[in-house]
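Peer 1: Take a look at run16.pdb, PDB, C-alpha atoms and all ligand atoms:
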```
ATOM      1  CA  MET A  25     -18.540  14.529  -9.004
ATOM      2  CA  LYS A  26     -14.969  15.647  -9.562
ATOM      3  CA  ALA A  27     -12.124  13.145  -9.567
ATOM      4  CA  VAL A  28      -8.380  13.351 -10.116
ATOM      5  CA  ILE A  29      -7.164  10.363 -12.126
ATOM      6  CA  VAL A  30      -4.037   9.274 -13.997
ATOM      7  CA  GLY A  31      -4.157  10.851 -17.460
ATOM      8  CA  THR A  32      -1.955  10.353 -20.494
ATOM      9  CA  GLU A  33       0.412  13.083 -19.266
ATOM     10  CA  GLY A  34       0.281  13.456 -15.494
ATOM     11  CA  PHE A  35      -3.027  13.918 -13.723
ATOM     12  CA  GLU A  36      -6.415  14.814 -15.159
ATOM     13  CA  ILE A  37      -9.391  16.383 -13.384
ATOM     14  CA  VAL A  38     -12.559  14.787 -14.711
ATOM     15  CA  ASN A  39     -16.285  14.965 -14.029
ATOM     16  CA  LEU A  40     -17.755  11.523 -13.415
ATOM     17  CA  GLU A  41     -21.115  10.237 -12.346
ATOM     18  CA  ALA A  42     -21.031   9.341  -8.627
ATOM     19  CA  PRO A  43     -20.792   5.533  -8.361
ATOM     20  CA  GLN A  44     -23.459   3.437  -6.633
ATOM     21  CA  PRO A  45     -22.386   0.702  -4.206
ATOM     22  CA  GLY A  46     -23.132  -2.837  -5.385
ATOM     23  CA  PRO A  47     -23.756  -5.739  -2.980
ATOM     24  CA  GLY A  48     -21.056  -5.844  -0.299
ATOM     25  CA  GLU A  49     -19.511  -2.529  -1.373
ATOM     26  CA  VAL A  50     -19.276   0.792   0.461
ATOM     27  CA  LEU A  51     -19.512   4.258  -1.076
ATOM     28  CA  VAL A  52     -17.231   6.731   0.732
ATOM     29  CA  LYS A  53     -17.430  10.508   0.709
ATOM     30  CA  MET A  54     -13.768  11.517   0.714
ATOM     31  CA  LEU A  55     -12.767  14.287   3.137
ATOM     32  CA  ALA A  56      -8.969  14.047   2.926
ATOM     33  CA  CYS A  57      -6.422  12.031   0.955
ATOM     34  CA  GLY A  58      -2.639  11.987   1.290
ATOM     35  CA  LEU A  59      -0.328  12.098  -1.715
ATOM     36  CA  CYS A  60       2.105   9.159  -1.601
ATOM     37  CA  GLY A  61       5.449   8.943  -3.401
ATOM     38  CA  THR A  62       3.965   6.044  -5.398
ATOM     39  CA  ASP A  63       1.125   8.338  -6.613
ATOM     40  CA  VAL A  64       3.711  10.741  -8.025
ATOM     41  CA  GLU A  65       5.560   7.810  -9.640
ATOM     42  CA  LYS A  66       2.299   6.596 -11.211
ATOM     43  CA  LEU A  67       1.605  10.080 -12.593
ATOM     44  CA  GLU A  68       5.090  10.120 -14.094
ATOM     45  CA  GLY A  69       4.592   6.609 -15.516
ATOM     46  CA  ARG A  70       7.417   5.170 -13.400
ATOM     47  CA  TYR A  71       5.450   2.888 -11.049
ATOM     48  CA  LYS A  72       4.102  -0.371 -12.441
ATOM     49  CA  GLY A  73       3.713  -2.325  -9.176
ATOM     50  CA  SER A  74      -0.075  -1.955  -9.098
ATOM     51  CA  LYS A  75      -2.943  -0.584 -11.181
ATOM     52  CA  PRO A  76      -2.776   3.077 -12.332
ATOM     53  CA  ILE A  77      -5.127   4.250  -9.580
ATOM     54  CA  ILE A  78      -3.983   7.183  -7.446
ATOM     55  CA  GLY A  79      -4.953   8.154  -3.907
ATOM     56  CA  HIS A  80      -4.794   5.367  -1.316
ATOM     57  CA  GLU A  81      -4.259   7.394   1.882
ATOM     58  CA  ALA A  82      -7.909   8.387   2.103
ATOM     59  CA  ALA A  83     -10.252   9.242   4.961
ATOM     60  CA  GLY A  84     -13.910  10.137   4.802
ATOM     61  CA  VAL A  85     -17.403   9.179   5.885
ATOM     62  CA  VAL A  86     -19.748   6.404   4.811
ATOM     63  CA  GLU A  87     -22.065   7.849   2.157
ATOM     64  CA  ARG A  88     -24.006   4.646   1.441
ATOM     65  CA  VAL A  89     -23.575   0.927   2.041
ATOM     66  CA  GLY A  90     -24.377  -1.802  -0.474
ATOM     67  CA  GLU A  91     -26.711  -4.715   0.184
ATOM     68  CA  GLY A  92     -25.477  -7.064   2.888
ATOM     69  CA  VAL A  93     -22.950  -4.686   4.496
ATOM     70  CA  GLU A  94     -23.284  -4.652   8.268
ATOM     71  CA  GLY A  95     -21.738  -2.628  11.069
ATOM     72  CA  LEU A  96     -21.348   0.652   9.162
ATOM     73  CA  LYS A  97     -23.667   3.637   9.461
ATOM     74  CA  GLU A  98     -24.123   6.404   6.932
ATOM     75  CA  GLY A  99     -22.196   9.523   7.972
ATOM     76  CA  GLU A 100     -19.773   7.526  10.131
ATOM     77  CA  PRO A 101     -16.059   8.536   9.840
ATOM     78  CA  ILE A 102     -13.917   5.761   8.339
ATOM     79  CA  VAL A 103     -10.433   4.994   7.051
ATOM     80  CA  PRO A 104     -10.567   2.279   4.362
ATOM     81  CA  HIS A 105      -7.711   0.016   3.275
ATOM     82  CA  HIS A 106      -6.956   0.169  -0.449
ATOM     83  CA  HIS A 107      -5.416  -3.339  -0.535
ATOM     84  CA  VAL A 108      -6.167  -6.386   1.628
ATOM     85  CA  ASN A 109      -4.438  -9.778   1.430
ATOM     86  CA  CYS A 110      -6.232 -13.154   1.232
ATOM     87  CA  GLY A 111      -4.828 -14.612   4.453
ATOM     88  CA  ALA A 112      -4.520 -18.155   3.072
ATOM     89  CA  CYS A 113      -1.903 -18.305   0.276
ATOM     90  CA  TYR A 114       1.809 -19.274   0.422
ATOM     91  CA  TYR A 115       2.871 -15.659   1.077
ATOM     92  CA  CYS A 116       0.138 -14.873   3.610
ATOM     93  CA  LEU A 117       0.968 -17.997   5.624
ATOM     94  CA  ARG A 118       4.628 -16.907   5.713
ATOM     95  CA  ASP A 119       3.938 -13.419   7.055
ATOM     96  CA  SER A 120       4.426 -11.634   3.708
ATOM     97  CA  PRO A 121       0.882 -10.236   3.287
ATOM     98  CA  THR A 122       1.948  -7.508   0.870
ATOM     99  CA  MET A 123       3.366 -10.180  -1.482
ATOM    100  CA  CYS A 124      -0.037 -11.943  -1.647
ATOM    101  CA  PRO A 125      -1.159 -12.157  -5.323
ATOM    102  CA  SER A 126      -4.618 -10.869  -4.297
ATOM    103  CA  TYR A 127      -3.224  -7.898  -2.373
ATOM    104  CA  ARG A 128      -2.862  -5.487  -5.289
ATOM    105  CA  GLU A 129      -5.867  -6.863  -7.206
ATOM    106  CA  TYR A 130      -8.358  -4.589  -5.477
ATOM    107  CA  ASN A 131      -8.404  -0.817  -5.009
ATOM    108  CA  PHE A 132     -10.756   2.135  -4.659
ATOM    109  CA  THR A 133     -12.875   3.078  -7.698
ATOM    110  CA  PRO A 134     -12.067   5.508  -9.238
ATOM    111  CA  GLY A 135      -9.412   6.323  -6.574
ATOM    112  CA  GLY A 136      -8.875   8.268  -3.371
ATOM    113  CA  PHE A 137      -8.664  11.683  -5.057
ATOM    114  CA  SER A 138     -12.332  11.551  -5.947
ATOM    115  CA  GLU A 139     -15.248  13.222  -4.159
ATOM    116  CA  TYR A 140     -16.821   9.783  -3.777
ATOM    117  CA  PHE A 141     -15.266   6.368  -4.256
ATOM    118  CA  ILE A 142     -16.229   2.711  -3.911
ATOM    119  CA  VAL A 143     -14.479   0.299  -1.539
ATOM    120  CA  PRO A 144     -14.779  -3.186  -3.104
ATOM    121  CA  LYS A 145     -16.508  -6.126  -1.422
ATOM    122  CA  TRP A 146     -13.191  -8.032  -1.094
ATOM    123  CA  ILE A 147     -11.869  -5.302   1.206
ATOM    124  CA  VAL A 148     -15.135  -4.643   3.089
ATOM    125  CA  GLU A 149     -15.752  -8.319   3.926
ATOM    126  CA  ARG A 150     -12.184  -8.789   5.180
ATOM    127  CA  GLY A 151     -12.532  -6.034   7.770
ATOM    128  CA  GLY A 152     -10.618  -3.499   5.684
ATOM    129  CA  ILE A 153     -12.604  -0.505   6.920
ATOM    130  CA  HIS A 154     -11.385   1.121  10.129
ATOM    131  CA  LYS A 155     -13.223   3.538  12.373
ATOM    132  CA  PRO A 156     -10.814   6.231  13.604
ATOM    133  CA  PRO A 157     -10.927   7.182  17.291
ATOM    134  CA  PRO A 158     -13.186  10.174  18.020
ATOM    135  CA  GLY A 159     -11.558  13.577  17.769
ATOM    136  CA  LEU A 160      -9.250  12.846  14.835
ATOM    137  CA  THR A 161      -9.615  15.276  11.947
ATOM    138  CA  PRO A 162      -9.896  13.795   8.424
ATOM    139  CA  ILE A 163      -6.384  15.066   7.652
ATOM    140  CA  GLU A 164      -5.021  13.283  10.730
ATOM    141  CA  SER A 165      -7.009  10.143   9.844
ATOM    142  CA  CYS A 166      -5.608   9.988   6.324
ATOM    143  CA  LEU A 167      -2.117   9.579   7.810
ATOM    144  CA  THR A 168      -3.164   6.106   9.045
ATOM    145  CA  GLU A 169      -1.676   4.204   6.085
ATOM    146  CA  PRO A 170       1.772   5.859   5.973
ATOM    147  CA  THR A 171       2.006   5.671   9.779
ATOM    148  CA  ALA A 172       1.061   1.972   9.679
ATOM    149  CA  CYS A 173       3.819   1.352   7.084
ATOM    150  CA  VAL A 174       6.336   3.025   9.402
ATOM    151  CA  LEU A 175       5.083   1.056  12.410
ATOM    152  CA  ARG A 176       5.368  -2.213  10.471
ATOM    153  CA  ALA A 177       8.965  -1.349   9.521
ATOM    154  CA  ILE A 178       9.844  -0.523  13.140
ATOM    155  CA  LYS A 179       8.413  -3.866  14.275
ATOM    156  CA  ARG A 180      10.961  -5.537  11.992
ATOM    157  CA  ILE A 181      13.898  -4.100  13.941
ATOM    158  CA  THR A 182      15.658  -7.035  15.577
ATOM    159  CA  ALA A 183      18.741  -5.202  16.946
ATOM    160  CA  LYS A 184      18.869  -5.820  20.701
ATOM    161  CA  ASP A 185      18.162  -2.801  22.948
ATOM    162  CA  PRO A 186      18.980  -0.108  20.369
ATOM    163  CA  GLU A 187      20.314   3.061  22.000
ATOM    164  CA  SER A 188      20.723   5.176  18.914
ATOM    165  CA  TYR A 189      18.962   5.576  15.590
ATOM    166  CA  ALA A 190      19.685   7.554  12.440
ATOM    167  CA  VAL A 191      16.958   8.513   9.980
ATOM    168  CA  VAL A 192      18.400   9.422   6.575
ATOM    169  CA  GLY A 193      15.877  11.559   4.697
ATOM    170  CA  LEU A 194      13.348  13.704   6.554
ATOM    171  CA  GLY A 195      10.362  13.898   4.230
ATOM    172  CA  ALA A 196       6.913  12.904   5.501
ATOM    173  CA  VAL A 197       8.114   9.319   6.035
ATOM    174  CA  GLY A 198      11.361  10.225   7.823
ATOM    175  CA  LEU A 199       9.513  12.641  10.115
ATOM    176  CA  THR A 200       6.916   9.959  10.873
ATOM    177  CA  PHE A 201       9.741   7.549  11.767
ATOM    178  CA  ILE A 202      11.101  10.090  14.241
ATOM    179  CA  GLN A 203       7.712  10.585  15.904
ATOM    180  CA  VAL A 204       6.907   6.864  16.108
ATOM    181  CA  LEU A 205      10.425   5.997  17.343
ATOM    182  CA  ARG A 206      10.051   8.653  20.049
ATOM    183  CA  TRP A 207       6.687   7.143  20.951
ATOM    184  CA  THR A 208       8.329   3.711  21.352
ATOM    185  CA  GLY A 209      10.747   5.276  23.854
ATOM    186  CA  ALA A 210      13.806   6.002  21.689
ATOM    187  CA  THR A 211      15.785   8.924  23.094
ATOM    188  CA  ARG A 212      18.705   9.323  20.686
ATOM    189  CA  ILE A 213      17.544   9.796  17.109
ATOM    190  CA  ILE A 214      19.738  11.557  14.560
ATOM    191  CA  GLY A 215      17.879  13.028  11.580
ATOM    192  CA  ILE A 216      19.813  13.721   8.374
ATOM    193  CA  ASP A 217      18.644  15.875   5.457
ATOM    194  CA  ILE A 218      19.798  18.859   3.407
ATOM    195  CA  ASN A 219      16.502  20.778   3.685
ATOM    196  CA  PRO A 220      16.517  23.315   6.581
ATOM    197  CA  ALA A 221      12.694  23.237   7.017
ATOM    198  CA  ARG A 222      12.719  19.448   7.342
ATOM    199  CA  LEU A 223      15.657  19.591   9.764
ATOM    200  CA  ALA A 224      13.756  22.135  11.883
ATOM    201  CA  ALA A 225      10.679  19.866  11.948
ATOM    202  CA  ALA A 226      12.797  16.848  12.971
ATOM    203  CA  GLU A 227      14.310  18.913  15.768
ATOM    204  CA  ARG A 228      10.826  19.851  16.985
ATOM    205  CA  TYR A 229       9.968  16.138  17.125
ATOM    206  CA  GLY A 230      12.972  15.510  19.361
ATOM    207  CA  ALA A 231      15.773  14.459  16.982
ATOM    208  CA  ASP A 232      19.344  15.717  16.810
ATOM    209  CA  VAL A 233      19.799  16.924  13.254
ATOM    210  CA  LEU A 234      22.682  16.965  10.778
ATOM    211  CA  ASN A 235      22.989  18.572   7.356
ATOM    212  CA  PRO A 236      25.427  16.756   4.988
ATOM    213  CA  THR A 237      26.165  20.038   3.182
ATOM    214  CA  GLU A 238      27.622  21.435   6.414
ATOM    215  CA  GLY A 239      29.993  18.646   7.409
ATOM    216  CA  ASP A 240      30.902  14.965   7.230
ATOM    217  CA  VAL A 241      27.833  13.366   8.821
ATOM    218  CA  VAL A 242      29.454   9.924   9.149
ATOM    219  CA  GLU A 243      32.348  11.444  11.109
ATOM    220  CA  ILE A 244      29.957  13.466  13.295
ATOM    221  CA  VAL A 245      27.692  10.461  14.013
ATOM    222  CA  MET A 246      30.752   8.384  14.942
ATOM    223  CA  GLY A 247      31.769  11.114  17.387
ATOM    224  CA  MET A 248      28.243  11.142  18.866
ATOM    225  CA  THR A 249      28.160   7.361  19.403
ATOM    226  CA  GLY A 250      31.513   6.600  21.037
ATOM    227  CA  TRP A 251      33.063   5.861  17.583
ATOM    228  CA  ARG A 252      30.737   2.894  17.124
ATOM    229  CA  GLY A 253      27.970   4.213  14.883
ATOM    230  CA  VAL A 254      24.217   4.001  15.467
ATOM    231  CA  ASP A 255      22.505   0.712  16.308
ATOM    232  CA  VAL A 256      19.823   1.202  13.654
ATOM    233  CA  ALA A 257      19.739   3.406  10.558
ATOM    234  CA  VAL A 258      16.593   3.998   8.513
ATOM    235  CA  VAL A 259      16.859   4.851   4.812
ATOM    236  CA  ALA A 260      13.889   7.145   4.171
ATOM    237  CA  ALA A 261      15.116   8.819   0.975
ATOM    238  CA  GLY A 262      15.429   7.526  -2.589
ATOM    239  CA  PRO A 263      18.911   8.652  -3.758
ATOM    240  CA  PRO A 264      21.608   5.893  -3.629
ATOM    241  CA  GLN A 265      23.886   8.039  -1.443
ATOM    242  CA  ALA A 266      21.250   7.812   1.335
ATOM    243  CA  LEU A 267      21.858   4.049   1.467
ATOM    244  CA  SER A 268      25.656   4.321   1.448
ATOM    245  CA  THR A 269      25.525   7.003   4.166
ATOM    246  CA  ALA A 270      23.219   4.800   6.271
ATOM    247  CA  ILE A 271      25.553   1.802   5.978
ATOM    248  CA  LYS A 272      28.618   3.886   6.892
ATOM    249  CA  LEU A 273      27.084   5.403  10.005
ATOM    250  CA  THR A 274      25.728   2.118  11.397
ATOM    251  CA  ARG A 275      27.749   0.212  13.979
ATOM    252  CA  ARG A 276      29.215  -3.227  13.249
ATOM    253  CA  GLY A 277      26.442  -5.770  13.715
ATOM    254  CA  GLY A 278      23.826  -3.008  13.632
ATOM    255  CA  GLN A 279      20.802  -2.866  11.378
ATOM    256  CA  VAL A 280      19.921  -0.825   8.289
ATOM    257  CA  LEU A 281      16.225  -0.568   7.479
ATOM    258  CA  LEU A 282      15.526  -0.016   3.778
ATOM    259  CA  PHE A 283      12.216   1.830   3.748
ATOM    260  CA  ALA A 284      12.493   4.116   0.718
TER     261      ALA A 284
HETATM  262 ZN    ZN B 301       1.357   5.366   0.562
HETATM  263 ZN    ZN B 302      -2.581 -14.299   0.236
END
```
Render the structure in this file as structure tokens.
Ligand SMILES: [Zn+2]
Ligand SMILES: [Zn+2]
Peer 2:
Amino acid sequence: MKAVIVGTEGFEIVNLEAPQPGPGEVLVKMLACGLCGTDVEKLEGRYKGSKPIIGHEAAGVVERVGEGVEGLKEGEPIVPHHHVNCGACYYCLRDSPTMCPSYREYNFTPGGFSEYFIVPKWIVERGGIHKPPPGLTPIESCLTEPTACVLRAIKRITAKDPESYAVVGLGAVGLTFIQVLRWTGATRIIGIDINPARLAAAERYGADVLNPTEGDVVEIVMGMTGWRGVDVAVVAAGPPQALSTAIKLTRRGGQVLLFA
């Protein structure tokens, strides 16, 4: 089988023998896998937060289950988690599951950009394999993980009755924020980016859009919000000016969500 893995300089396409699932493991036939910003950072040698395995936004079907695995049929569409927390340590008991020391210990083998990959027993036995609702394409299914990250961030908003939001940075994450915020009932969302294609997409998803190369976005947002600023700003872009812009266009007592 073919697999894309982290090489010495960027990615490498290699031919590997298809793995066999051991007891408690599941072998997945990959049908789609998203490319995360952290994958790119790993390929460039900049991300050291977890093992050098790329491809965690994967969707596929069960190819084979290992001994003792129940509730999964061969050929069934699935979306597996690449990390699962222990549920019992100091961090897990304080609602910080992603800080759990076990969380990053486990991953797919050899990774999500492989024709077939193994989901480890640790993840399978903790319910880390989801079955997508019928009708979702594999490409739609593989957006589960980034969408879940966005949903988790939105659940952390504590500002009372927010009326207005700004999303600074309209890449895949920023555009997902706009769609999920709309789904939660938000009506005024201001999307900010310098890329015309991204601005057009944000507009299609129901945001008002601003391009910082065409005017002072802080001034314009103030004008749009009764000179208060937005209730909640989301930083969905890496450059430091995204953070300073987000802080400036948020109202006093508002909330800035640091996602990127
Ligand atoms: Zn990701
Ligand atoms: Zn834990």
Peer 1: Could you pull the residues within 6 Å of range 151-155 of chain A, counting only C-alpha atoms, minus those fewer than 2 positions along the same chain, as an MDAnalysis selection string?
Peer 2: chainID A and resid 102:105 147:149
Peer 1: Which of these residues is nearest to Arg276 in chain A, using all atoms listed in the file: A:Ala183, A:Ala260, A:Val89, A:Leu234?
Peer 2: A:Ala183
Peer 1: Which residues are near ligand ZN 301 (chain B) in this structure, taking near to mean any atom at most 7 Å from a ligand atom and counting all atoms listed in the file? Format them as number ranges by chain.
Peer 2: A: 60-62, 80-81, 169-170
Peer 1: Please identify every polymer residue within 8 Å of ligand ZN 302 (chain B), using all atoms listed in the file, and present the set as a list in words.
Peer 2: Asn109, Cys110, Gly111, Ala112, Cys113, Tyr114, Tyr115, Cys116, Leu117, Pro121, Met123, Cys124, Pro125, Ser126 and Tyr127 of chain A
Peer 1: To one decimal place, how far is CA of Arg150 in chain A from CA of Arg176 in chain A in Å?
Peer 2: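 Taking CA of Arg150 in chain A and CA of Arg176 in chain A, their separation equals 19.5 Å.
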Peer 1: Could you list, as a PyMOL selection string, every residue within 12 Å of Val233 in chain A, counting all atoms listed in the file and ignoring same-chain residues fewer than 4 positions away?
Peer 2: chain A and resi 189-194+199+202+212-229+238-239+241+244-245+248
Peer 1: Which residue is closest to Thr168 in chain A? Choose from A:Leu55, A:Ala83, A:Val64, A:Ile37 and count only C-alpha atoms.
Peer 2: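 Of A:Leu55, A:Ala83, A:Val64, A:Ile37, the one nearest Thr168 in chain A is A:Ala83, counting only C-alpha atoms.
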Peer 1: Rounded to one decimal place, report the CA of Asp185 in chain A-CA of Gly277 in chain A distance in Å.
Peer 2: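 Computing it gives 12.8 Å between the two atoms.
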Peer 1: On this structure, the PyMOL selection byres (((chain A and resi 283) around 12) and not hetatm) would catch which residues? List them as a ChimeraX atom specification, sorted by chain and number.
Peer 2: /A:170,173-178,180-181,191-193,197-198,201,257-262,266-267,270,280-282,284
Peer 1: Just want the 12 Å neighbourhood of range 50-54 of chain A, counted on all atoms listed in the file, with same-chain residues fewer than 4 positions away dropped. Output as a VMD selection string.
Peer 2: chain A and resid 25 to 27 42 to 46 58 79 to 105 132 to 149 152 to 153 162 to 163 165 to 166
Peer 1: Could you tell me how far CA of Val28 in chain A sits from CA of Cys57 in chain A, in Å to one decimal place?
Peer 2: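 Calculated distance between CA of Cys57 in chain A and CA of Val28 in chain A is 11.3 Å.
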Peer 1: Identify, on the basis of only C-alpha atoms, every residue whose closest approach to Gly34 in chain A does not exceed 8 Å; exclude the query and any residue fewer than 4 positions from it along the same chain; express the result as a list of chain:residue names.
Peer 2: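 Here the qualifying residues turn out to be A:Val30, A:Leu67, A:Glu68.
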Peer 1: Can you write out the residues you just picked, keeping C-alpha atoms, as a compact mmCIF listing (two decimals), in the coordinates of the input?
Peer 2:
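Wrote result35.txt, looks like this:
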```
# COMPACT_ATOMS: atom_id res chain seq x y z
CA VAL A 30 -4.04 9.27 -14.00
CA LEU A 67 1.60 10.08 -12.59
CA GLU A 68 5.09 10.12 -14.09
```
Peer 1: Smallest atom-to-atom distance to Ala196 in chain A: which of A:Thr211, A:Thr171, A:Gly278, A:Arg70, using only C-alpha atoms?
Peer 2: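 When distances to Ala196 in chain A are compared using only C-alpha atoms, the smallest one comes from A:Thr171.
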Peer 1: Run the PyMOL selection byres (((chain A and resi 249) around 10) and not hetatm) against the file shown and list the residues it catches, as a PyMOL selection string.
Peer 2: chain A and resi 187-188+212+244-248+250-255+273-275
Peer 1: Smallest atom-to-atom distance to Gly230 in chain A: which of A:Leu59, A:Val256, A:Leu205, A:Ala172, using only C-alpha atoms?
Peer 2: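 With only C-alpha atoms as the atom set, the closest residue is A:Leu205.
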